[in-house]
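Visitor: Submitted below is the structure of interest, expressed as structure tokens.
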Amino acid sequence: MSSPAATEAPLRLPVIDAGVRIGHVHLKVADLQRALDFYCGVLGFQVTTTRPGAAFISAGGYHHHLGLNTWESLGGSPPAPGTTGLFHTAILYPSRKLLADALKRLIVAKIPLDGASDHGVSEALYLRDPDDNGVELYWDRPKDQWPSKSDGSLQMFTHPLDLHDLLAELDK
């Protein structure tokens, strides 16, 4: 199938139903136990089931939010910079206090952050898992607090996140 020429109008189909959600992400890892130590040991996910070379983990008993497998990657190395692939897996926390708890877990485990941002609609922590996969830990502000432009459209931005202020949530 060939792609349309750049001058052709893009195909316009109806928008996807608002109830559609991303159910899970499946990651290729080099060392299953090392990945479990990070996702379960540090972040606190729970194993729901395993198969040879794979584990399925979740928060709250869902069948799985993340699948981790070594089927094609046992002992492998991360993709080279500048190649295509997954940018990051975003893990949504239900409250700012729980995001603060995640930050505390990272500090205790001595896992460095790649960044921390306030996007107006959300606050996010960025890091790498042991297989160099990008991970975003974030919480969404209530929708009525999202910043908007004068025309009513969403006005996202990227400002530094005050980590001390975030950690202060744990004292409230």
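As shown in the structure tokens, the chain order sets the letters A, B, ...; within each chain, residues go from 1, and ligands are also counted from 1 in the order they appear.
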Got a sec: who's within 8 Å of range 21-36 of chain A, counting only C-alpha atoms, leaving out chain neighbours fewer than 4 positions off, as JSON, numbers by chain?

Guide: {"A": [40, 41, 53, 54, 55, 64, 65, 66, 67, 68, 69, 70, 71, 72, 73, 74, 75, 76, 77, 89, 129, 130, 131]}

Visitor: Save out the residues we just selected, C-alpha atoms, as a PDB file, in the first residue's frame.

Guide:
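The resulting file, part30.pdb, is shown below:
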ATOM      1  CA  CYS A  40       7.535  -3.918  41.752  1.00  0.00           C
ATOM      2  CA  GLY A  41      10.307  -3.286  44.275  1.00  0.00           C
ATOM      3  CA  GLY A  53      10.363 -15.341  30.325  1.00  0.00           C
ATOM      4  CA  ALA A  54       7.552 -12.929  31.211  1.00  0.00           C
ATOM      5  CA  ALA A  55       5.716 -11.282  34.095  1.00  0.00           C
ATOM      6  CA  HIS A  64      -1.963  -6.216  33.913  1.00  0.00           C
ATOM      7  CA  HIS A  65      -0.928  -2.669  33.273  1.00  0.00           C
ATOM      8  CA  LEU A  66       2.576  -3.676  32.227  1.00  0.00           C
ATOM      9  CA  GLY A  67       3.874  -6.811  30.627  1.00  0.00           C
ATOM     10  CA  LEU A  68       7.613  -7.451  30.926  1.00  0.00           C
ATOM     11  CA  ASN A  69       9.239 -10.079  28.754  1.00  0.00           C
ATOM     12  CA  THR A  70      12.619 -11.402  27.628  1.00  0.00           C
ATOM     13  CA  TRP A  71      11.254 -13.389  24.673  1.00  0.00           C
ATOM     14  CA  GLU A  72      13.258 -11.422  22.086  1.00  0.00           C
ATOM     15  CA  SER A  73      15.510  -9.420  24.371  1.00  0.00           C
ATOM     16  CA  LEU A  74      17.152 -11.662  27.000  1.00  0.00           C
ATOM     17  CA  GLY A  75      20.564 -10.143  27.730  1.00  0.00           C
ATOM     18  CA  GLY A  76      19.968  -7.514  25.054  1.00  0.00           C
ATOM     19  CA  SER A  77      20.900  -3.875  25.038  1.00  0.00           C
ATOM     20  CA  THR A  89       5.543   4.751  29.318  1.00  0.00           C
ATOM     21  CA  ASP A 129      14.053   2.047  33.901  1.00  0.00           C
ATOM     22  CA  PRO A 130      16.930  -0.464  34.169  1.00  0.00           C
ATOM     23  CA  ASP A 131      16.588  -1.254  30.431  1.00  0.00           C
TER      24      ASP A 131
END

Visitor: As a PDB file with N, CA and C atoms, in the first residue's frame, please: the residues near Lys172 in chain A (cut-off 12 Å, only C-alpha atoms, same-chain neighbours under 3 positions excluded).

Guide:
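Writing done, so here's selection-v1.pdb:
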ATOM      1  N   ARG A  96      -1.754  13.986  43.753  1.00  0.00           N
ATOM      2  CA  ARG A  96      -0.433  14.603  43.894  1.00  0.00           C
ATOM      3  C   ARG A  96       0.328  13.938  45.049  1.00  0.00           C
ATOM      4  N   LYS A  97      -0.362  13.592  46.114  1.00  0.00           N
ATOM      5  CA  LYS A  97       0.285  12.952  47.262  1.00  0.00           C
ATOM      6  C   LYS A  97       0.897  11.604  46.864  1.00  0.00           C
ATOM      7  N   LEU A  98       0.206  10.845  46.022  1.00  0.00           N
ATOM      8  CA  LEU A  98       0.759   9.562  45.581  1.00  0.00           C
ATOM      9  C   LEU A  98       1.937   9.754  44.621  1.00  0.00           C
ATOM     10  N   ALA A 100       4.008  12.252  44.993  1.00  0.00           N
ATOM     11  CA  ALA A 100       5.061  12.576  45.955  1.00  0.00           C
ATOM     12  C   ALA A 100       5.630  11.310  46.572  1.00  0.00           C
ATOM     13  N   ASP A 165       8.388  21.170  47.037  1.00  0.00           N
ATOM     14  CA  ASP A 165       6.969  21.412  47.219  1.00  0.00           C
ATOM     15  C   ASP A 165       6.168  20.119  47.033  1.00  0.00           C
ATOM     16  N   LEU A 166       6.568  19.327  46.040  1.00  0.00           N
ATOM     17  CA  LEU A 166       5.889  18.050  45.811  1.00  0.00           C
ATOM     18  C   LEU A 166       6.056  17.137  47.024  1.00  0.00           C
ATOM     19  N   LEU A 167       7.277  17.022  47.537  1.00  0.00           N
ATOM     20  CA  LEU A 167       7.519  16.162  48.702  1.00  0.00           C
ATOM     21  C   LEU A 167       6.771  16.647  49.941  1.00  0.00           C
ATOM     22  N   ALA A 168       6.505  17.957  50.032  1.00  0.00           N
ATOM     23  CA  ALA A 168       5.757  18.505  51.172  1.00  0.00           C
ATOM     24  C   ALA A 168       4.340  17.936  51.220  1.00  0.00           C
ATOM     25  N   GLU A 169       3.832  17.405  50.105  1.00  0.00           N
ATOM     26  CA  GLU A 169       2.505  16.758  50.087  1.00  0.00           C
ATOM     27  C   GLU A 169       2.438  15.618  51.093  1.00  0.00           C
TER      28      GLU A 169
END

Visitor: Give me the residues within 10 Å of Ser117 in chain A as an NGL selection string, counting only C-alpha atoms and dropping any in the same chain fewer than 5 places off.

Guide: :A and (122-126 or 138 or 157-163)

Visitor: Based on the selection just made, write C-alpha atoms of those residues as a CSV table (one decimal), in the first residue's frame.

Guide:
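Written out: result-v9.csv:
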chain,number,residue,atom,x,y,z
A,122,SER,CA,-0.2,17.7,35.0
A,123,GLU,CA,3.0,17.4,37.0
A,124,ALA,CA,5.5,14.8,35.9
A,125,LEU,CA,8.7,13.0,36.9
A,126,TYR,CA,10.8,11.6,34.1
A,138,TYR,CA,2.5,11.9,36.7
A,157,PHE,CA,3.4,24.4,28.9
A,158,THR,CA,6.6,23.0,30.4
A,159,HIS,CA,7.9,24.7,33.6
A,160,PRO,CA,10.3,23.2,36.2
A,161,LEU,CA,8.5,21.2,38.9
A,162,ASP,CA,9.4,22.2,42.5
A,163,LEU,CA,10.3,18.8,44.0

Visitor: From the options A:Ala116, A:Leu13, A:Ala109, A:Ile57, which residue's atoms come nearest to Leu137 in chain A, counting only C-alpha atoms?

Guide: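 Nearest to Leu137 in chain A: A:Ala116.
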
Visitor: Between A:His63, A:His88, A:Arg51, A:Lys110, which has the minimum distance to Glu136 in chain A (counting only C-alpha atoms)?

Guide: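 Distance minimum relative to Glu136 in chain A lands on A:His88.
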
Visitor: For the atom pair CA of Asp114 in chain A and CA of Gln46 in chain A, what is the interatomic distance in Å to one decimal place?

Guide: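 It comes out at 24.9 Å.
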
Visitor: How many Å separate CA of Tyr93 in chain A from CA of Thr48 in chain A?

Guide: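 Distance between the two atoms: 19.3 Å.
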
Visitor: Could you write out, as a VMD selection string, all the residues of chain A that DSSP marks as strand (DSSP E)?

Guide: chain A and resid 25 to 28 46 to 51 54 to 58 66 to 69 89 to 93 115 to 118 122 to 128 134 to 140 159 to 160

Visitor: Using only C-alpha atoms, which of the listed residues (A:Asp151, A:Asp132, A:Leu170, A:Gly82) sits closest to Leu99 in chain A?

Guide: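 With only C-alpha atoms as the atom set, the closest residue is A:Leu170.
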